[in-house]
$ cat entry.tsv   # TSV, C-alpha atoms and all ligand atoms
chain	number	residue	atom	x	y	z
S	28	MET	CA	-58.27	-56.40	25.01
S	29	SER	CA	-54.97	-54.81	23.93
S	30	GLU	CA	-51.80	-54.22	25.96
S	31	ARG	CA	-53.15	-50.91	27.17
S	32	ARG	CA	-53.92	-51.15	30.88
S	33	PRO	CA	-57.68	-50.99	31.34
S	34	VAL	CA	-59.24	-48.31	33.50
S	35	ILE	CA	-62.43	-49.02	35.43
S	36	ALA	CA	-63.78	-45.82	36.97
S	37	ALA	CA	-66.71	-45.37	39.35
S	38	ASN	CA	-68.54	-42.09	38.80
S	39	TRP	CA	-70.66	-41.61	41.91
S	40	LYS	CA	-72.04	-38.27	40.69
S	41	MET	CA	-73.89	-36.49	43.56
S	42	ASN	CA	-74.31	-39.64	45.67
S	43	LYS	CA	-72.99	-40.92	48.99
S	44	SER	CA	-72.29	-39.24	52.31
S	45	ILE	CA	-68.83	-39.38	53.88
S	46	GLU	CA	-69.91	-42.33	56.01
S	47	GLU	CA	-71.38	-44.17	52.99
S	48	ALA	CA	-68.19	-43.52	51.02
S	49	GLU	CA	-66.11	-45.15	53.73
S	50	GLU	CA	-68.49	-48.11	53.98
S	51	PHE	CA	-68.28	-48.60	50.21
S	52	CYS	CA	-64.47	-48.72	50.27
S	53	ASN	CA	-64.44	-51.20	53.14
S	54	ALA	CA	-66.82	-53.44	51.21
S	55	LEU	CA	-65.02	-53.05	47.85
S	56	LEU	CA	-61.36	-53.58	48.76
S	57	PRO	CA	-61.54	-57.24	49.86
S	58	ARG	CA	-63.38	-58.04	46.61
S	59	ILE	CA	-60.76	-56.69	44.20
S	60	CYS	CA	-57.39	-58.25	45.08
S	61	ASP	CA	-54.77	-58.67	42.34
S	62	VAL	CA	-56.63	-56.79	39.64
S	63	GLY	CA	-54.90	-55.88	36.40
S	64	ALA	CA	-57.01	-52.81	35.78
S	65	GLN	CA	-56.44	-49.30	37.08
S	66	VAL	CA	-59.39	-48.83	39.43
S	67	VAL	CA	-60.56	-45.27	40.02
S	68	ILE	CA	-63.30	-43.97	42.32
S	69	CYS	CA	-64.75	-40.53	41.60
S	70	PRO	CA	-66.66	-39.41	44.70
S	71	PRO	CA	-68.20	-35.99	45.31
S	72	PHE	CA	-65.59	-33.40	46.37
S	73	LEU	CA	-66.45	-33.64	50.07
S	74	ALA	CA	-65.76	-37.38	50.19
S	75	LEU	CA	-62.48	-37.23	48.20
S	76	ASN	CA	-60.22	-37.31	51.21
S	77	THR	CA	-62.29	-39.99	52.94
S	78	VAL	CA	-61.90	-42.29	49.92
S	79	VAL	CA	-58.18	-41.47	49.71
S	80	GLU	CA	-57.72	-42.47	53.37
S	81	ALA	CA	-59.98	-45.54	53.14
S	82	THR	CA	-58.10	-46.91	50.10
S	83	LYS	CA	-54.54	-46.00	51.18
S	84	GLY	CA	-51.95	-48.66	50.39
S	85	GLY	CA	-54.35	-50.44	48.03
S	86	GLU	CA	-54.77	-50.41	44.29
S	87	VAL	CA	-57.58	-47.89	44.07
S	88	GLU	CA	-56.98	-44.34	42.87
S	89	VAL	CA	-59.23	-41.38	43.51
S	90	ALA	CA	-60.57	-38.85	41.01
S	91	ALA	CA	-62.63	-35.68	41.21
S	92	GLN	CA	-65.64	-35.14	38.96
S	93	ASN	CA	-64.70	-31.65	37.76
S	94	MET	CA	-62.02	-28.95	38.03
S	95	HIS	CA	-61.48	-25.31	37.06
S	96	PHE	CA	-58.61	-24.49	34.73
S	97	GLU	CA	-57.38	-21.45	36.67
S	98	PRO	CA	-54.99	-22.06	39.58
S	99	ASP	CA	-56.86	-19.76	41.99
S	100	GLY	CA	-58.96	-16.61	42.11
S	101	ALA	CA	-62.51	-15.30	42.22
S	102	PHE	CA	-64.33	-18.40	40.95
S	103	THR	CA	-66.99	-19.10	43.58
S	104	GLY	CA	-67.90	-22.74	43.90
S	105	GLU	CA	-64.94	-24.02	41.87
S	106	VAL	CA	-61.83	-26.04	42.76
S	107	SER	CA	-58.39	-26.02	41.13
S	108	ALA	CA	-56.08	-28.84	40.09
S	109	ALA	CA	-53.75	-28.05	43.00
S	110	MET	CA	-56.64	-28.31	45.45
S	111	LEU	CA	-57.55	-31.74	44.10
S	112	LEU	CA	-53.96	-32.93	44.43
S	113	ASP	CA	-53.90	-31.53	47.95
S	114	ALA	CA	-56.95	-33.67	48.78
S	115	GLY	CA	-55.14	-36.75	47.41
S	116	ALA	CA	-56.84	-37.05	44.01
S	117	LEU	CA	-54.75	-38.44	41.14
S	118	ALA	CA	-57.29	-38.01	38.35
S	119	VAL	CA	-60.23	-35.87	37.29
S	120	VAL	CA	-63.30	-36.46	35.13
S	121	LEU	CA	-63.72	-33.61	32.65
S	122	GLY	CA	-66.58	-32.81	30.31
S	123	HIS	CA	-69.09	-35.34	31.58
S	124	SER	CA	-72.30	-34.92	29.56
S	125	GLU	CA	-74.20	-33.88	32.70
S	126	ARG	CA	-71.76	-31.00	33.14
S	127	ARG	CA	-72.06	-30.12	29.46
S	128	GLN	CA	-75.87	-30.31	29.41
S	129	LEU	CA	-76.88	-29.10	32.87
S	130	PHE	CA	-74.05	-26.74	33.82
S	131	GLY	CA	-73.01	-25.18	30.52
S	132	GLU	CA	-69.57	-26.81	30.25
S	133	THR	CA	-68.17	-25.72	26.88
S	134	ASP	CA	-65.66	-27.17	24.43
S	135	GLU	CA	-63.61	-24.01	24.97
S	136	ALA	CA	-63.43	-24.55	28.76
S	137	LEU	CA	-62.49	-28.19	28.18
S	138	SER	CA	-59.73	-27.19	25.80
S	139	ARG	CA	-58.16	-25.47	28.82
S	140	LYS	CA	-59.04	-28.01	31.50
S	141	VAL	CA	-57.53	-31.11	29.85
S	142	PRO	CA	-53.98	-29.68	29.48
S	143	VAL	CA	-54.12	-28.03	32.91
S	144	ALA	CA	-54.95	-31.39	34.51
S	145	LEU	CA	-51.96	-33.00	32.75
S	146	GLU	CA	-49.59	-30.15	33.61
S	147	ASN	CA	-50.52	-30.57	37.27
S	148	GLY	CA	-49.99	-34.33	37.25
S	149	LEU	CA	-53.67	-35.31	37.28
S	150	LEU	CA	-54.91	-38.00	34.90
S	151	PRO	CA	-57.68	-36.40	32.81
S	152	ILE	CA	-60.66	-38.68	32.08
S	153	PHE	CA	-62.14	-36.63	29.27
S	154	CYS	CA	-65.75	-37.48	28.31
S	155	VAL	CA	-67.31	-37.18	24.87
S	156	GLY	CA	-70.52	-38.50	23.38
S	157	GLU	CA	-73.48	-37.77	21.17
S	158	SER	CA	-77.14	-37.32	22.06
S	159	GLU	CA	-79.87	-39.64	20.80
S	160	GLU	CA	-81.02	-37.01	18.31
S	161	GLU	CA	-77.47	-36.56	16.97
S	162	ARG	CA	-77.09	-40.32	16.53
S	163	GLU	CA	-80.46	-40.56	14.77
S	164	ARG	CA	-79.52	-37.91	12.22
S	165	ASP	CA	-76.18	-39.65	11.66
S	166	ASP	CA	-74.15	-36.90	13.29
S	167	THR	CA	-72.22	-39.06	15.77
S	168	ASP	CA	-68.83	-38.80	14.03
S	169	ARG	CA	-69.13	-35.05	13.51
S	170	VAL	CA	-69.99	-34.47	17.19
S	171	LEU	CA	-67.20	-36.74	18.42
S	172	ARG	CA	-64.70	-35.03	16.12
S	173	ARG	CA	-65.71	-31.58	17.38
S	174	GLN	CA	-65.49	-32.61	21.05
S	175	VAL	CA	-62.22	-34.54	20.72
S	176	ASP	CA	-60.56	-31.83	18.60
S	177	ALA	CA	-61.53	-29.17	21.14
S	178	GLY	CA	-60.60	-31.08	24.28
S	179	LEU	CA	-57.20	-32.13	22.94
S	180	SER	CA	-56.42	-28.94	21.02
S	181	ARG	CA	-54.02	-27.52	23.61
S	182	VAL	CA	-52.47	-30.86	24.62
S	183	PRO	CA	-48.94	-31.13	23.24
S	184	GLU	CA	-48.42	-34.07	20.89
S	185	ALA	CA	-45.92	-35.68	23.28
S	186	ARG	CA	-48.58	-35.93	25.99
S	187	LEU	CA	-51.64	-36.86	23.92
S	188	GLY	CA	-51.31	-40.56	24.75
S	189	GLU	CA	-51.59	-39.84	28.48
S	190	VAL	CA	-55.16	-38.59	28.26
S	191	VAL	CA	-57.96	-41.07	28.98
S	192	ILE	CA	-61.04	-40.51	26.82
S	193	ALA	CA	-64.44	-41.87	27.87
S	194	TYR	CA	-66.91	-42.40	25.05
S	195	GLU	CA	-70.30	-41.94	26.68
S	196	PRO	CA	-73.28	-41.76	24.35
S	197	ILE	CA	-75.77	-39.56	26.19
S	198	TRP	CA	-78.68	-41.82	25.26
S	199	ALA	CA	-77.04	-44.68	27.18
S	200	ILE	CA	-76.23	-42.82	30.40
S	201	GLY	CA	-78.46	-43.77	33.31
S	202	THR	CA	-81.12	-45.05	30.90
S	203	GLY	CA	-80.44	-48.79	31.07
S	204	LYS	CA	-79.93	-48.62	27.26
S	205	THR	CA	-76.40	-49.82	26.56
S	206	ALA	CA	-74.69	-49.27	23.25
S	207	THR	CA	-74.12	-52.67	21.65
S	208	PRO	CA	-70.49	-53.78	21.88
S	209	GLU	CA	-70.27	-53.15	18.12
S	210	GLU	CA	-71.60	-49.58	18.41
S	211	ALA	CA	-69.31	-48.86	21.36
S	212	GLU	CA	-66.28	-50.33	19.59
S	213	ASP	CA	-66.99	-48.43	16.38
S	214	ALA	CA	-67.14	-45.12	18.23
S	215	CYS	CA	-64.03	-45.87	20.32
S	216	GLY	CA	-62.19	-46.87	17.14
S	217	PHE	CA	-63.26	-43.64	15.45
S	218	ILE	CA	-62.00	-41.62	18.43
S	219	ARG	CA	-58.68	-43.50	18.28
S	220	SER	CA	-58.39	-42.65	14.57
S	221	LEU	CA	-58.81	-38.96	15.43
S	222	VAL	CA	-55.93	-39.16	17.92
S	223	SER	CA	-53.82	-41.23	15.52
S	224	ALA	CA	-54.23	-38.53	12.87
S	225	ARG	CA	-52.24	-36.24	15.17
S	226	SER	CA	-49.82	-38.89	16.42
S	227	GLU	CA	-49.75	-42.56	15.50
S	228	ALA	CA	-47.95	-43.42	18.76
S	229	ALA	CA	-50.51	-41.52	20.83
S	230	GLY	CA	-53.35	-43.26	19.01
S	231	GLN	CA	-51.88	-46.62	20.01
S	232	ALA	CA	-51.23	-45.55	23.61
S	233	ILE	CA	-54.36	-43.61	24.47
S	234	ARG	CA	-56.94	-45.43	26.55
S	235	ILE	CA	-60.53	-45.09	25.40
S	236	LEU	CA	-63.27	-46.17	27.79
S	237	TYR	CA	-66.93	-46.86	27.19
S	238	GLY	CA	-69.58	-45.49	29.56
S	239	GLY	CA	-73.35	-45.88	29.49
S	240	SER	CA	-75.30	-48.40	31.60
S	241	VAL	CA	-72.33	-50.73	32.11
S	242	LYS	CA	-73.29	-53.43	34.60
S	243	PRO	CA	-71.95	-56.84	35.67
S	244	ALA	CA	-74.11	-58.56	33.04
S	245	ASN	CA	-72.71	-56.66	30.04
S	246	ALA	CA	-69.22	-55.72	31.25
S	247	ALA	CA	-67.26	-58.70	29.92
S	248	ASP	CA	-68.74	-58.34	26.44
S	249	LEU	CA	-67.90	-54.63	26.23
S	250	LEU	CA	-64.50	-54.91	27.89
S	251	GLY	CA	-63.48	-57.81	25.67
S	252	ARG	CA	-63.45	-55.56	22.61
S	253	GLU	CA	-60.07	-54.59	21.17
S	254	GLU	CA	-60.88	-50.86	20.96
S	255	ILE	CA	-62.44	-50.56	24.43
S	256	ASP	CA	-59.87	-50.00	27.17
S	257	GLY	CA	-62.16	-49.90	30.17
S	258	ALA	CA	-65.36	-48.42	31.50
S	259	LEU	CA	-66.71	-45.34	33.21
S	260	VAL	CA	-69.52	-46.63	35.39
S	261	GLY	CA	-72.31	-44.55	36.92
S	262	GLY	CA	-75.31	-46.30	38.49
S	263	ALA	CA	-73.70	-49.73	38.92
S	264	SER	CA	-70.70	-48.17	40.67
S	265	LEU	CA	-72.80	-47.26	43.70
S	266	ASP	CA	-72.95	-50.88	44.80
S	267	PRO	CA	-69.60	-52.37	45.87
S	268	GLY	CA	-70.58	-55.88	44.74
S	269	ASP	CA	-71.64	-54.73	41.27
S	270	PHE	CA	-68.61	-52.47	40.86
S	271	ALA	CA	-66.25	-55.24	41.98
S	272	ALA	CA	-67.81	-57.60	39.44
S	273	ILE	CA	-67.16	-55.06	36.66
S	274	VAL	CA	-63.56	-54.57	37.84
S	275	MET	CA	-63.01	-58.33	37.83
S	276	ALA	CA	-64.41	-58.56	34.27
S	277	ALA	CA	-61.64	-56.26	32.97
A	1	LIG	C1	-71.88	-41.97	33.76
A	1	LIG	O1	-72.52	-41.19	34.40
A	1	LIG	O2	-70.73	-41.67	33.43
A	1	LIG	C2	-72.50	-43.24	33.40
A	1	LIG	C3	-71.93	-43.95	32.47
A	1	LIG	O3	-73.67	-43.58	34.05
A	1	LIG	P1	-74.47	-44.98	33.95
A	1	LIG	O4	-73.44	-46.08	34.11
A	1	LIG	O5	-75.43	-44.94	35.10
A	1	LIG	O6	-75.13	-45.00	32.64

$ encode --input "entry.tsv" --output "structure tokens" --more "lines below"
Ligand code: PEP
Amino acid sequence: MSERRPVIAANWKMNKSIEEAEEFCNALLPRICDVGAQVVICPPFLALNTVVEATKGGEVEVAAQNMHFEPDGAFTGEVSAAMLLDAGALAVVLGHSERRQLFGETDEALSRKVPVALENGLLPIFCVGESEEERERDDTDRVLRRQVDAGLSRVPEARLGEVVIAYEPIWAIGTGKTATPEEAEDACGFIRSLVSARSEAAGQAIRILYGGSVKPANAADLLGREEIDGALVGGASLDPGDFAAIVMAA
């Protein structure tokens, strides 16, 4: 791996009660002493503060799974960047494929969310990735270019390198089908070239994660690749032993 500090993020999606979240943290923390990676847990909104409290003083950071771009107002069911900071979150996942596919998240909304997260001091973990059908018709690069261009379009050049991008091919999410390390590295390298086209320095600095059925058995192989700066982990992040093993592989 390069000099970029790896990020290993646990995306719990809509899983775990407050009590289960606390139990997870108590089981995880003793297993991940002295880690080099930035470890991030993304619980459901209601467990954010529980995870913040349970990991206080340790090396784990907490992220939300979504955010609205407006600071406040009549947006029923939404939360703002300031509200996430208030709950103790330091990062936010934006544009996960489940939000794009199931909840109508658009490139236009993401072009607002990514800079708003940065302006508020939240680390944006911005997700992109192609569907199986898009990969089969050789459209992967076109889709990634569209998503990356949109999500970063309002990010000033000086701050581009601060964004974390997660390459998550939709066909590999929750399916047990992992992209091969070569496929994952190719796509991450392509995404880096898109950022480098705007700023060479940002292209070198930006951290690009892979996500899609990462587990203890395949983590070291994926994380050992030069272009892959960490992992966004769904299913395997629900078990503290499995997640700790992935963190320790980074
Ligand atoms: C995800 O949801 O971001 C993800 C990568 O899920 P899984 O690890 O279960 O494929």

$ closest_residue --input "entry.tsv" --among "S:Asp266, S:Asp165, S:Glu253, S:Glu125" --to "ligand LIG 1 (chain A)" --atoms "only C-alpha atoms and all ligand atoms"
S:Glu125

$ residues_near_point --input "entry.tsv" --point "(-81.6, -47.4, 31.8)" --cutoff "10 Å" --atoms "all atoms listed in the file" --output "VMD selection string"
chain S and resid 198 to 205 239 to 241 262

$ closest_residue --input "entry.tsv" --among "S:Arg225, S:Lys242, S:His95, S:Arg219" --to "ligand LIG 1 (chain A)" --atoms "all atoms listed in the file"
S:Lys242

$ closest_residue --input "entry.tsv" --among "S:Ala101, S:Val106, S:Val260, S:Leu265" --to "ligand LIG 1 (chain A)" --atoms "only C-alpha atoms and all ligand atoms"
S:Val260

$ closest_residue --input "entry.tsv" --among "S:Phe72, S:Phe51, S:Tyr237, S:Phe96" --to "ligand LIG 1 (chain A)" --atoms "only C-alpha atoms and all ligand atoms"
S:Tyr237

$ atom_distance --input "entry.tsv" --atom1 "atom CA of S:Gly115" --atom2 "atom CA of S:Val67"
12.5 Å

$ atom_distance --input "entry.tsv" --atom1 "atom CA of S:Gln65" --atom2 "atom CA of S:Ala224"
26.6 Å

$ axis_aligned_box --input "entry.tsv" --around "ligand LIG 1 (chain A)" --padding-each-side "6 Å" --output "JSON"
{"center_x": -73.1, "center_y": -43.6, "center_z": 33.8, "size_x": 16.7, "size_y": 16.9, "size_z": 14.6}

$ closest_residue --input "entry.tsv" --among "S:Ile197, S:Ala116, S:Val222, S:Ala244" --to "ligand LIG 1 (chain A)" --atoms "all atoms listed in the file"
S:Ile197

$ closest_residue --input "entry.tsv" --among "S:Ala81, S:Ala177, S:Ile68, S:Leu259" --to "ligand LIG 1 (chain A)" --atoms "all atoms listed in the file"
S:Leu259

$ atom_distance --input "entry.tsv" --atom1 "atom CA of S:Val78" --atom2 "atom CA of S:Cys52"
6.9 Å

$ residues_around --input "entry.tsv" --residues "S:Val155" --least-positions-apart "6" --cutoff "10 Å" --atoms "all atoms listed in the file" --output "list in words"
Leu121, Gly122, His123, Ser124, Arg127, Val170, Leu171, Arg172, Arg173, Gln174, Val175, Gly178, Ile192, Ala193, Tyr194, Glu195, Pro196, Ile197, Ile218, Tyr237 and Gly238 of chain S

$ residues_around --input "entry.tsv" --residues "S:Ala228" --least-positions-apart "4" --cutoff "10 Å" --atoms "all atoms listed in the file" --output "PyMOL selection string"
chain S and resi 184-185+187-188+222-224+232-233

$ residues_around --input "entry.tsv" --residues "stretch 247-249 of chain S" --least-positions-apart "3" --cutoff "8 Å" --atoms "all atoms listed in the file" --output "list of chain:residue names"
S:Thr207, S:Pro208, S:Ala211, S:Tyr237, S:Pro243, S:Ala244, S:Arg252, S:Ile255, S:Ile273, S:Ala276, S:Ala277

$ residues_around --input "entry.tsv" --residues "S:Thr82" --least-positions-apart "2" --cutoff "10 Å" --atoms "all atoms listed in the file" --output "list of chain:residue names"
S:Glu49, S:Cys52, S:Asn53, S:Leu55, S:Leu56, S:Ile68, S:Asn76, S:Thr77, S:Val78, S:Val79, S:Glu80, S:Gly84, S:Gly85, S:Glu86, S:Val87, S:Glu88, S:Val89

$ residues_near_point --input "entry.tsv" --point "(-73.5, -43.5, 48.9)" --cutoff "12 Å" --atoms "all atoms listed in the file" --output "list of chain:residue names"
S:Ala37, S:Asn38, S:Trp39, S:Lys40, S:Met41, S:Asn42, S:Lys43, S:Ser44, S:Ile45, S:Glu46, S:Glu47, S:Ala48, S:Glu49, S:Glu50, S:Phe51, S:Cys52, S:Cys69, S:Pro70, S:Pro71, S:Ala74, S:Val78, S:Gly262, S:Ala263, S:Ser264, S:Leu265, S:Asp266, S:Pro267

$ residues_around --input "entry.tsv" --residues "S:Ala64" --least-positions-apart "2" --cutoff "9 Å" --atoms "all atoms listed in the file" --output "list in words"
Arg32, Pro33, Val34, Ile35, Val62, Val66, Gly257, Val274, Met275 and Ala277 of chain S

$ decode --input "entry.tsv" --residues "stretch 170-190 of chain S" --atoms "N, CA, C and O atoms" --output "PDB file, in the first residue's frame"
ATOM      1  N   VAL S 170     -19.630   5.188 -16.412  1.00  0.00           N
ATOM      2  CA  VAL S 170     -20.471   5.379 -15.215  1.00  0.00           C
ATOM      3  C   VAL S 170     -19.642   5.999 -14.088  1.00  0.00           C
ATOM      4  O   VAL S 170     -20.076   6.945 -13.424  1.00  0.00           O
ATOM      5  N   LEU S 171     -18.435   5.468 -13.900  1.00  0.00           N
ATOM      6  CA  LEU S 171     -17.585   6.007 -12.828  1.00  0.00           C
ATOM      7  C   LEU S 171     -17.252   7.473 -13.098  1.00  0.00           C
ATOM      8  O   LEU S 171     -17.291   8.304 -12.192  1.00  0.00           O
ATOM      9  N   ARG S 172     -16.954   7.781 -14.357  1.00  0.00           N
ATOM     10  CA  ARG S 172     -16.634   9.177 -14.698  1.00  0.00           C
ATOM     11  C   ARG S 172     -17.823  10.093 -14.389  1.00  0.00           C
ATOM     12  O   ARG S 172     -17.661  11.162 -13.798  1.00  0.00           O
ATOM     13  N   ARG S 173     -19.025   9.645 -14.780  1.00  0.00           N
ATOM     14  CA  ARG S 173     -20.210  10.486 -14.528  1.00  0.00           C
ATOM     15  C   ARG S 173     -20.399  10.714 -13.027  1.00  0.00           C
ATOM     16  O   ARG S 173     -20.604  11.832 -12.567  1.00  0.00           O
ATOM     17  N   GLN S 174     -20.298   9.629 -12.246  1.00  0.00           N
ATOM     18  CA  GLN S 174     -20.543   9.742 -10.802  1.00  0.00           C
ATOM     19  C   GLN S 174     -19.460  10.589 -10.116  1.00  0.00           C
ATOM     20  O   GLN S 174     -19.773  11.432  -9.275  1.00  0.00           O
ATOM     21  N   VAL S 175     -18.208  10.332 -10.464  1.00  0.00           N
ATOM     22  CA  VAL S 175     -17.107  11.072  -9.823  1.00  0.00           C
ATOM     23  C   VAL S 175     -17.180  12.551 -10.224  1.00  0.00           C
ATOM     24  O   VAL S 175     -17.076  13.441  -9.367  1.00  0.00           O
ATOM     25  N   ASP S 176     -17.384  12.823 -11.511  1.00  0.00           N
ATOM     26  CA  ASP S 176     -17.453  14.222 -11.959  1.00  0.00           C
ATOM     27  C   ASP S 176     -18.567  14.961 -11.223  1.00  0.00           C
ATOM     28  O   ASP S 176     -18.387  16.091 -10.776  1.00  0.00           O
ATOM     29  N   ALA S 177     -19.723  14.309 -11.086  1.00  0.00           N
ATOM     30  CA  ALA S 177     -20.847  14.973 -10.417  1.00  0.00           C
ATOM     31  C   ALA S 177     -20.535  15.197  -8.935  1.00  0.00           C
ATOM     32  O   ALA S 177     -20.649  16.309  -8.423  1.00  0.00           O
ATOM     33  N   GLY S 178     -20.130  14.147  -8.255  1.00  0.00           N
ATOM     34  CA  GLY S 178     -19.937  14.251  -6.800  1.00  0.00           C
ATOM     35  C   GLY S 178     -18.856  15.245  -6.408  1.00  0.00           C
ATOM     36  O   GLY S 178     -18.929  15.860  -5.352  1.00  0.00           O
ATOM     37  N   LEU S 179     -17.849  15.412  -7.275  1.00  0.00           N
ATOM     38  CA  LEU S 179     -16.737  16.314  -6.931  1.00  0.00           C
ATOM     39  C   LEU S 179     -16.869  17.683  -7.608  1.00  0.00           C
ATOM     40  O   LEU S 179     -16.005  18.544  -7.423  1.00  0.00           O
ATOM     41  N   SER S 180     -17.952  17.866  -8.379  1.00  0.00           N
ATOM     42  CA  SER S 180     -18.022  19.068  -9.225  1.00  0.00           C
ATOM     43  C   SER S 180     -17.993  20.376  -8.437  1.00  0.00           C
ATOM     44  O   SER S 180     -17.486  21.379  -8.926  1.00  0.00           O
ATOM     45  N   ARG S 181     -18.537  20.377  -7.231  1.00  0.00           N
ATOM     46  CA  ARG S 181     -18.554  21.630  -6.454  1.00  0.00           C
ATOM     47  C   ARG S 181     -17.501  21.636  -5.340  1.00  0.00           C
ATOM     48  O   ARG S 181     -17.527  22.497  -4.468  1.00  0.00           O
ATOM     49  N   VAL S 182     -16.597  20.665  -5.367  1.00  0.00           N
ATOM     50  CA  VAL S 182     -15.515  20.637  -4.369  1.00  0.00           C
ATOM     51  C   VAL S 182     -14.364  21.472  -4.917  1.00  0.00           C
ATOM     52  O   VAL S 182     -13.876  21.202  -6.020  1.00  0.00           O
ATOM     53  N   PRO S 183     -13.924  22.504  -4.165  1.00  0.00           N
ATOM     54  CA  PRO S 183     -12.811  23.299  -4.677  1.00  0.00           C
ATOM     55  C   PRO S 183     -11.553  22.453  -4.820  1.00  0.00           C
ATOM     56  O   PRO S 183     -11.346  21.516  -4.034  1.00  0.00           O
ATOM     57  N   GLU S 184     -10.729  22.798  -5.799  1.00  0.00           N
ATOM     58  CA  GLU S 184      -9.540  22.008  -6.105  1.00  0.00           C
ATOM     59  C   GLU S 184      -8.664  21.785  -4.865  1.00  0.00           C
ATOM     60  O   GLU S 184      -8.149  20.697  -4.635  1.00  0.00           O
ATOM     61  N   ALA S 185      -8.568  22.829  -4.030  1.00  0.00           N
ATOM     62  CA  ALA S 185      -7.690  22.745  -2.853  1.00  0.00           C
ATOM     63  C   ALA S 185      -8.171  21.696  -1.844  1.00  0.00           C
ATOM     64  O   ALA S 185      -7.407  21.272  -0.990  1.00  0.00           O
ATOM     65  N   ARG S 186      -9.434  21.293  -1.947  1.00  0.00           N
ATOM     66  CA  ARG S 186      -9.955  20.345  -0.959  1.00  0.00           C
ATOM     67  C   ARG S 186     -10.260  18.968  -1.536  1.00  0.00           C
ATOM     68  O   ARG S 186     -10.694  18.064  -0.814  1.00  0.00           O
ATOM     69  N   LEU S 187      -9.999  18.823  -2.847  1.00  0.00           N
ATOM     70  CA  LEU S 187     -10.335  17.545  -3.507  1.00  0.00           C
ATOM     71  C   LEU S 187      -9.683  16.335  -2.823  1.00  0.00           C
ATOM     72  O   LEU S 187     -10.300  15.284  -2.666  1.00  0.00           O
ATOM     73  N   GLY S 188      -8.431  16.512  -2.412  1.00  0.00           N
ATOM     74  CA  GLY S 188      -7.669  15.401  -1.842  1.00  0.00           C
ATOM     75  C   GLY S 188      -8.190  14.937  -0.490  1.00  0.00           C
ATOM     76  O   GLY S 188      -7.795  13.877  -0.005  1.00  0.00           O
ATOM     77  N   GLU S 189      -9.085  15.737   0.121  1.00  0.00           N
ATOM     78  CA  GLU S 189      -9.617  15.371   1.441  1.00  0.00           C
ATOM     79  C   GLU S 189     -10.789  14.405   1.350  1.00  0.00           C
ATOM     80  O   GLU S 189     -11.184  13.811   2.344  1.00  0.00           O
ATOM     81  N   VAL S 190     -11.383  14.310   0.164  1.00  0.00           N
ATOM     82  CA  VAL S 190     -12.537  13.416   0.007  1.00  0.00           C
ATOM     83  C   VAL S 190     -12.033  11.969   0.044  1.00  0.00           C
ATOM     84  O   VAL S 190     -10.924  11.673  -0.395  1.00  0.00           O
TER      85      VAL S 190
END
